Structure formats: C-alpha cells, structure tokens
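Here's the structure we're looking at; comments come further down.
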Amino acid sequence: MSGAPVLEVQDLHVWFDLGQGRELHPVQGAGITLDRGERMGLVGESGCGKTTVSLALMGLLPPNASVAGRVLLDGEDILAGGEETLRPHRWNDIAMVFQGAMNAFNPVKRIGDQICEAMELHAVARGRAAETRCGELLELVGIRAERARRFPHEFSGGMRQRAAIAMALACNPRVLLADEPTTALDVMVQAQILQLLQQISDDLGLAIVLITHDLPIVAQTCQTASVMYAGRIVEVGPTVALHDAPRHPYTRMLFAATPDLAGTAGVVSIPGAPPRLDRELAGCPFAPRCDSTFATCTERLPRLLPVGDDHLAACHLAAGHLAGRPA
Amino acid sequence: MSANRVRDNAVFAALRGSPQAVFGGTVLAIVVLIAVLASWIAPYGEHQRVGEVFAHPSTSHWLGLDDGGFDMLTLMMYGARVSLIVGFAAALVAMVIGGAVGIVAGFFGGKIDTLLMRLTDYFLAIPDVPLMIVVAAIWGRSLRNIILIIGAIYWTSTARVVRAQVKSVRERGYIRRTRVIGASNTRLIMRHVLPQVAPLLVATGVLMVAYAIFAETAIAFLGLGDPSAVSWGLLIENAFSRDAVTVGAWWAIVPPGIAVAIVVVSLTMLGTAIEDALNPRLRVSHVSVRRFRLRPIPPPREDA
C-alpha cells in the first residue's frame, strides 16, 4: 500500500471505571493503519472492543472512560489534547454511522433539516447553500433530493440508513467509521448499502472502517481486515490472505464458524467465551479457547508480528519461525 | 429477583453517597424514634400540669410551659406522633388514589383517560384550604377525617405524574410483546407497568408526606384539627388563641414551627435524593457531555 496513511491508531487503550476501585480494560493497545480510500473491516465477536475503539476515535465515550494512545490523522495526533484537540476533527474529518443509525433521527424534524443541522453546527454551509448540499448528498446516497422535506417515519429502514450515511458525509470527512451499518436491514437492502459505501469510498477517496461480525460482508466490501479479540488486534492483513491463509487460530476459527453457501464444510462454533477484561490475564488471551496451544501460550503474550506481505498476526505459532519457537 | 436486588443495592449505595439523603434520613429517623418512644422518654406526662401557665424555659422545663401549664418538650414529643401519623397516612391515601387513577388513565387511555383527567383537573382547581374547612366542618374534626381530607386533596399531582410515565411505558416493546403472548390487562398492570412506576410512586410519596404534615399543621392552626390529638399544629393554635403572643411566650409557638420546618425539609431532601438515585439519568447525561480522561500509554506488558 502506498502513501502515508490517512489514519494511524497506535497503542489505543480504553478503561472504564466501574466504581468501588474496579476497572474494565476493554481496549488493550489496539492499532489500526488506514490508507486513503482504504476499506478495512474490523471484525470480532461481541464484547471484544470493536465499538469501543470507534467511540474512542470519535471521543464519544461515557464520562467514566479514560483513554490512552495516539490517533494520528494525516500525521497529527488528535488525541494528544483530549476533547480539545479532538473536537475540531469530529465529523469534519472523522465521521461515524452509528449502530442502529437509522433510528437516530429525531422523529419530529424533517430529514433534510437534520442533515443541514450537521452542516450548520460545523460551519460547513448554512441556509440555501446547506439545503443545496443536502440535496446533493441525498442524491449521492441514492435518495431523490426533494425527499429532504420528508419526516423519518416516511422513510423505509434502508432509506433512513442511506440518510444517516448522507449525514455522516455532510462535512466531507476523510475517515468514516461504520459501526454495523447493515444490521436490522434485509439482505437486499444490506447489499445496496454496502455497494453504496464501496462506491462512495472509491469516488471520494474516503477511508472506511467497517465494524461488523459478519465476515462475508468484510470479504465482499473491504480490501483489508483487522481481527479483534479481547481488546487487541490479533491479526491484520489483506482480506484474501486472512481468508485463504489465516495465521491466527481465532481468525481461522471465525471463518470456520461462518456458514458457506455450498454448505459443504458445516459450521464449527468456537467453544467458550471471550475472557473477562477486568483483570490482567497471563499469556495469550485466546489460549483457553485455542485448539493449538503449547506451553508458551499461557506464559507469554504474543506480539503482533509480520507473517507475510502486509500481514501481521499475534500468535506464537505464526511468529514461531521468526521469534524462534520455544520447545 | 437477583437483578432487582442488585438494583436495590445500587439505589441504596447512591443514597448513602448523597449528603442530603443521609441528612434527611437521619433527621427523619431521629424524629420517628422520638415519636415512637414519646411515652418512655418524655420528661412529664401528656396530661400532667407541672407549673404555671406560660412559665419561662428553665432547667426543669427546657422549652417552658404552655397555656395550660403543660411541659412544652413533652407535648412536642407527643405532637411528633400525631403529625407523623397524619403525614404518612395521608400520603399513603394520596399515593393509592393518585397511583390508581394515574395507572388506569395512562394504561387504558381514550375515554377513561379523559374522564379521569378531567376529574383530576377539577380537584386541582378547587382551592385547598376552603375545601378542607368545608369538609372538616361537615365530617367533623377527627384524626381519620383529616387524613382522608388531605389524601383526597393531594392525590392529583401523583396521578398526573404517574399517568405520564404509564403512557410511555405502555408503548414499550416488552409490554406489547407480553400482550401478544396473551397477558391480561390486570397482569400487565401488576407485573409489568406497576414495577416500572413504583420508584416514581415512592419518590413522590416521600415528598407527599412533607406536604401532608404541612397541611395538617395548617388545618390544626385554623382550628379544624382533632382537639384531642396533640399535634404540632394544634400546639401553635392553642398558644396563639390563648394570647401567647401578647404574653411574649415565644417558646409555645416557635419550637413546633421549627419542628414542622425541619421535618418538611428533611423529607424533601430525602425525596429528591430518592428521585435522583432511582433515575440517575436525571443527573448524568450519557452522550452529550464528553469528559473522557487521558492517560499515559502504559508500557508494553513484560510477558510480551
């Protein structure tokens, strides 16, 4: 991949204060590198920190959260000054389509007014100019401009999702975080929305992080994918490489747990559940559920190391030939 | 059950952490204790003349004597009984009437709602004090009647608040789902709606006790109280009508007034604290205020 990355997240940590001295550590040093126009899937099962990562990038974590790490937007660390340095970039440079965004519209205000509101709040455009741009944005997501005068309940679920995407694009962001943008939509609409995201990213050079646990969606939409487990990225690489030659057992088992169209392989579930994140774990967090553990796994935390072209994995097995596999 | 217990513990933890709840609760507990133990801890008997009319406060009579030569401190302790009984009982009456009207109106809606709400408006529009005077005059001056009168006047605000909450709860997904499963209206109300509005009822109920104690004092002061039941309001009324003011016997009037004020303030503090504890979102907004803290990046783990 060429050129400087548009977004680079390094060592991102998030903690939630649970009161009474207890603390949750749902993101434990996650890293993401995103090139201009790149579509990256962020996958992993529920509770592994995907949404928390995106909320941290937007600065939308609840008040009991604390954050550490670097979020480099075109080389500038926008997390360094907390909310103060993040605010100018929120929606202007990094926008988000929320989980269930189609239900995030105010039912008593017209769709167009709500999209214009986003532009006015960020001083992108106002008045007639905002209305014109709102029409263009709606056309861009495949809704006729005059529908801006409609109310949210007059839109179908798919249309509302498109409108939510239009709203996210209102300020010409460089990065779009899409958190489960297609849940609660039927497969036909889902395919349309994904196609739309692909097209927008190609046309506008918009980098997209697609958060989902639906691997086929990632395979269909994204060039690269990052697999999260227990608050860490355990494998990252081109989608094809991850699918054809996963180097982390979790990735391999995730794909095995996805039904394929031919139905030949059968579906294999991963036994157990993700670990609790309110205390430090020794060794590899996946070790208790892994099918190929050996002694080192329970003693040392595997680091994210290169295992191929643009392909990294955090597994003692994968890194064996590089790090010197212990007996 | 266990989920409820966790929630209850959280509510109590929130209350313990709130200075106004601790203060209000403690003061209230002390007053209740005094009221309960009045016959044991009071220095003199309730009907015992111990000295001259309007005698000054002294070491043997800390709050002096009243218009009949009774010990004020003793009467204050017995008065706490009547004031608290009337306060809690009248609040209970108001809660039951208001809760029932609010739930029925909010849950069934339509004509029933309109009918009950117009009735509520009617009661809201009646001036409290004249109604109390009229009803007390017709029914007679007994403790039971005073409780019923206060309850019958103060249920309106509870009914309105509960109705609004029920209207919102009724539309929630789980209520509709339960109806689809085949639950009767009674079951829906008792098992699914009532638990949702119960915290609201408790919070408004505590505040209602304060109103009721205040109302009882007012009624007694107007001379419509039960003459045989010594309450703080009756103490003020007696002293006032027997020229305590001209004699300069402030001790016969001021202490009962302060007692009413203290109890009403503690109840209000406790009530608002309960409201906050049951409904934390009133205090902390979740998304609108972003105040995450920054931390230094922790060093890589040693076992990495």
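Letters A, B, ... go to the chains of the structure tokens in the order shown; residues in each chain start at 1; ligands are counted from 1 in the same order.
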
Exercise. Within 10 Å of segment 283-297 of chain A, counting only C-alpha atoms, which residues qualify if same-chain residues fewer than 6 places away don't, as an MDAnalysis selection string?
Worked result: (chainID A and resid 229:232 234 248:250 253 270:277 303 314:317 325:327) or (chainID B and resid 301 303:304)

- request: Give me, as JSON, numbers by chain, the contact residues of chain A against chain B at a cut-off of 9 Å, counting only C-alpha atoms.
  value: {"A": [11, 12, 13, 29, 56, 59, 60, 61, 62, 63, 64, 65, 66, 67, 68, 69, 70, 79, 80, 81, 82, 83, 282, 283, 299, 300, 301, 302, 303]}

Dump C-alpha atoms for the selected residues as a PDB file, in the first residue's frame?
```pdb
ATOM      1  CA  ASP A  11      -1.406   1.718  21.364  1.00  0.00           C
ATOM      2  CA  LEU A  12      -5.033   2.647  21.926  1.00  0.00           C
ATOM      3  CA  HIS A  13      -6.212   1.788  25.412  1.00  0.00           C
ATOM      4  CA  GLY A  29      -3.351  -1.433  22.919  1.00  0.00           C
ATOM      5  CA  ALA A  56     -12.782   6.357  21.385  1.00  0.00           C
ATOM      6  CA  GLY A  59     -14.355  10.971  21.562  1.00  0.00           C
ATOM      7  CA  LEU A  60     -17.831   9.773  22.405  1.00  0.00           C
ATOM      8  CA  LEU A  61     -17.010   7.534  25.340  1.00  0.00           C
ATOM      9  CA  PRO A  62     -19.072   7.918  28.512  1.00  0.00           C
ATOM     10  CA  PRO A  63     -17.662  10.074  31.333  1.00  0.00           C
ATOM     11  CA  ASN A  64     -16.308   7.092  33.289  1.00  0.00           C
ATOM     12  CA  ALA A  65     -13.876   6.235  30.479  1.00  0.00           C
ATOM     13  CA  SER A  66     -10.202   7.052  30.270  1.00  0.00           C
ATOM     14  CA  VAL A  67      -8.165   6.743  27.104  1.00  0.00           C
ATOM     15  CA  ALA A  68      -4.502   6.396  26.204  1.00  0.00           C
ATOM     16  CA  GLY A  69      -2.756   6.124  22.870  1.00  0.00           C
ATOM     17  CA  ARG A  70      -2.020   8.024  19.690  1.00  0.00           C
ATOM     18  CA  LEU A  79      -5.886  12.516  20.842  1.00  0.00           C
ATOM     19  CA  ALA A  80      -2.929  14.293  22.471  1.00  0.00           C
ATOM     20  CA  GLY A  81      -5.028  17.127  23.893  1.00  0.00           C
ATOM     21  CA  GLY A  82      -8.127  15.077  24.706  1.00  0.00           C
ATOM     22  CA  GLU A  83     -11.501  16.573  23.830  1.00  0.00           C
ATOM     23  CA  ALA A 282      -1.318 -14.080  31.800  1.00  0.00           C
ATOM     24  CA  GLY A 283      -0.191 -15.174  28.362  1.00  0.00           C
ATOM     25  CA  GLU A 299       3.083 -17.707  29.780  1.00  0.00           C
ATOM     26  CA  ARG A 300       3.783 -15.023  27.226  1.00  0.00           C
ATOM     27  CA  LEU A 301       1.583 -12.537  25.415  1.00  0.00           C
ATOM     28  CA  PRO A 302       2.150 -12.875  21.658  1.00  0.00           C
ATOM     29  CA  ARG A 303       3.072  -9.665  19.889  1.00  0.00           C
TER      30      ARG A 303
END
```

Mind listing the strand (DSSP E or B) residues of segment 46-280 of chain B, per DSSP on the backbone, as a PDB file with N, CA and C atoms, in the first residue's frame?
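The resulting out_14.pdb:
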```pdb
ATOM      1  N   ARG B  49     -50.239  18.638  84.557  1.00  0.00           N
ATOM      2  CA  ARG B  49     -49.915  20.054  84.784  1.00  0.00           C
ATOM      3  C   ARG B  49     -48.710  20.113  85.697  1.00  0.00           C
ATOM      4  N   LEU B  65     -43.438  26.156  79.671  1.00  0.00           N
ATOM      5  CA  LEU B  65     -44.761  25.560  79.791  1.00  0.00           C
ATOM      6  C   LEU B  65     -45.731  26.272  78.854  1.00  0.00           C
ATOM      7  N   PHE B  70     -48.728  22.855  80.833  1.00  0.00           N
ATOM      8  CA  PHE B  70     -48.121  21.578  80.454  1.00  0.00           C
ATOM      9  C   PHE B  70     -46.693  21.809  79.954  1.00  0.00           C
ATOM     10  N   ASP B  71     -45.850  20.780  80.090  1.00  0.00           N
ATOM     11  CA  ASP B  71     -44.453  20.892  79.658  1.00  0.00           C
ATOM     12  C   ASP B  71     -44.373  20.855  78.136  1.00  0.00           C
TER      13      ASP B  71
END
```

Between atom CA of Met77 of chain B and atom CA of Leu92 of chain B, what is the distance in Å, rounded to a tenth?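 If I compute the distance from atom CA of Met77 of chain B to atom CA of Leu92 of chain B, I get 22.8 Å.
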
Could you tell me how far atom CA of Trp15 of chain A sits from atom CA of Ala164 of chain A, in Å to one decimal place?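 That distance, rounded to one decimal, is 29.0 Å.
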
(message) as a list in words, please: the residues near His153 of chain A (cut-off 10 Å, only C-alpha atoms, same-chain neighbours under 2 positions excluded).
(response)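 The contact residues come out as Asn103, Phe105, Asn106, Pro107, Val108, Arg110, Ile111, Arg150, Phe151, Phe155, Ser156, Gly157 and Arg160 of chain A.
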
Just to be explicit: take each residue in the selection above, keep N, CA and C atoms, and write the result as a PDB file, in the first residue's frame.
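Output (result.pdb):
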```pdb
ATOM      1  N   ASN A 103     -32.261   4.633  13.437  1.00  0.00           N
ATOM      2  CA  ASN A 103     -33.209   5.045  14.466  1.00  0.00           C
ATOM      3  C   ASN A 103     -32.729   6.288  15.199  1.00  0.00           C
ATOM      4  N   PHE A 105     -32.634   9.344  14.058  1.00  0.00           N
ATOM      5  CA  PHE A 105     -33.205  10.612  13.613  1.00  0.00           C
ATOM      6  C   PHE A 105     -34.290  11.064  14.567  1.00  0.00           C
ATOM      7  N   ASN A 106     -34.384  12.371  14.730  1.00  0.00           N
ATOM      8  CA  ASN A 106     -35.456  12.948  15.528  1.00  0.00           C
ATOM      9  C   ASN A 106     -36.757  12.800  14.741  1.00  0.00           C
ATOM     10  N   PRO A 107     -37.752  12.109  15.311  1.00  0.00           N
ATOM     11  CA  PRO A 107     -38.955  11.807  14.541  1.00  0.00           C
ATOM     12  C   PRO A 107     -39.781  13.032  14.161  1.00  0.00           C
ATOM     13  N   VAL A 108     -39.589  14.157  14.835  1.00  0.00           N
ATOM     14  CA  VAL A 108     -40.465  15.302  14.559  1.00  0.00           C
ATOM     15  C   VAL A 108     -39.764  16.377  13.721  1.00  0.00           C
ATOM     16  N   ARG A 110     -37.741  17.245   9.922  1.00  0.00           N
ATOM     17  CA  ARG A 110     -37.557  16.733   8.567  1.00  0.00           C
ATOM     18  C   ARG A 110     -36.127  16.243   8.384  1.00  0.00           C
ATOM     19  N   ILE A 111     -35.979  15.181   7.589  1.00  0.00           N
ATOM     20  CA  ILE A 111     -34.662  14.590   7.336  1.00  0.00           C
ATOM     21  C   ILE A 111     -33.674  15.667   6.878  1.00  0.00           C
ATOM     22  N   ARG A 150     -39.162  15.225   3.731  1.00  0.00           N
ATOM     23  CA  ARG A 150     -39.940  14.174   4.387  1.00  0.00           C
ATOM     24  C   ARG A 150     -39.485  13.975   5.826  1.00  0.00           C
ATOM     25  N   PHE A 151     -40.358  13.333   6.625  1.00  0.00           N
ATOM     26  CA  PHE A 151     -40.033  13.011   8.011  1.00  0.00           C
ATOM     27  C   PHE A 151     -39.460  11.591   8.084  1.00  0.00           C
ATOM     28  N   PHE A 155     -39.681   7.394   5.674  1.00  0.00           N
ATOM     29  CA  PHE A 155     -38.603   6.676   5.000  1.00  0.00           C
ATOM     30  C   PHE A 155     -38.644   5.204   5.398  1.00  0.00           C
ATOM     31  N   SER A 156     -38.223   4.346   4.504  1.00  0.00           N
ATOM     32  CA  SER A 156     -38.041   2.942   4.881  1.00  0.00           C
ATOM     33  C   SER A 156     -36.725   2.808   5.646  1.00  0.00           C
ATOM     34  N   GLY A 157     -36.504   1.620   6.249  1.00  0.00           N
ATOM     35  CA  GLY A 157     -35.278   1.404   7.013  1.00  0.00           C
ATOM     36  C   GLY A 157     -34.039   1.649   6.171  1.00  0.00           C
ATOM     37  N   ARG A 160     -33.546   5.336   5.559  1.00  0.00           N
ATOM     38  CA  ARG A 160     -33.039   6.041   6.735  1.00  0.00           C
ATOM     39  C   ARG A 160     -31.552   5.785   6.908  1.00  0.00           C
TER      40      ARG A 160
END
```

Open item on the list: DSSP on the backbone: which residues in segment 235-282 of chain A end up as alpha helix (DSSP H)? Give the answer as an MDAnalysis selection string.
Closed with: chainID A and resid 239:244 249:256

Could you please take those selected residues and save C-alpha atoms as a compact mmCIF listing (two decimals), in the first residue's frame?
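The result, written out as out_3.txt:
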```txt
# COMPACT_ATOMS: atom_id res chain seq x y z
CA THR A 239 -8.93 -9.81 3.28
CA VAL A 240 -7.95 -12.50 0.80
CA ALA A 241 -4.88 -13.50 2.79
CA LEU A 242 -6.89 -13.64 6.01
CA HIS A 243 -9.46 -15.86 4.38
CA ASP A 244 -7.12 -18.14 2.46
CA PRO A 249 -6.24 -19.66 15.20
CA TYR A 250 -9.01 -17.21 16.14
CA THR A 251 -9.26 -15.94 12.55
CA ARG A 252 -9.26 -19.48 11.25
CA MET A 253 -11.99 -20.49 13.70
CA LEU A 254 -14.04 -17.37 12.92
CA PHE A 255 -14.09 -18.31 9.25
CA ALA A 256 -14.89 -21.90 10.15
```

Between atom CA of Ala29 of chain B and atom CA of Pro255 of chain B, what is the distance, to one decimal in Å?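 So the answer is 18.7 Å.
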
Open item on the list: Please list as a list in words every residue within 10 Å of Thr258 of chain A, counting only C-alpha atoms and excluding residues in the same chain fewer than 2 positions away.
Closed with: Asp214, Leu215, Pro216, Met253, Leu254, Phe255, Ala256, Asp260, Leu261, Ala265, Gly266, Val267, Val268 and Ser269 of chain A

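In this comparison, which uses only C-alpha atoms, the residue of B:Pro199, B:Gly223, B:Pro127, B:Gly99 approaching Trp155 of chain B most closely is B:Gly99.
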
Please provide the set of residues having any atom within 7 Å of Leu224 of chain B, restricted to only C-alpha atoms, with same-chain residues fewer than 6 positions apart removed, written as a list in words.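 The filter keeps Ile133, Ala136 and Arg141 of chain B.
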
Discussion item. Residues within 9 Å of Leu235 of chain B, please, as a list in words. Count only C-alpha atoms; anything in the same chain fewer than 3 positions from it doesn't count.
Written reply: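 That gives Asp66, Met72, Leu75, Met76, Gly79, Ala220, Phe221, Val230, Ser231, Trp232, Asn238, Ala239, Phe240, Ala252, Ile253 and Pro256 of chain B.
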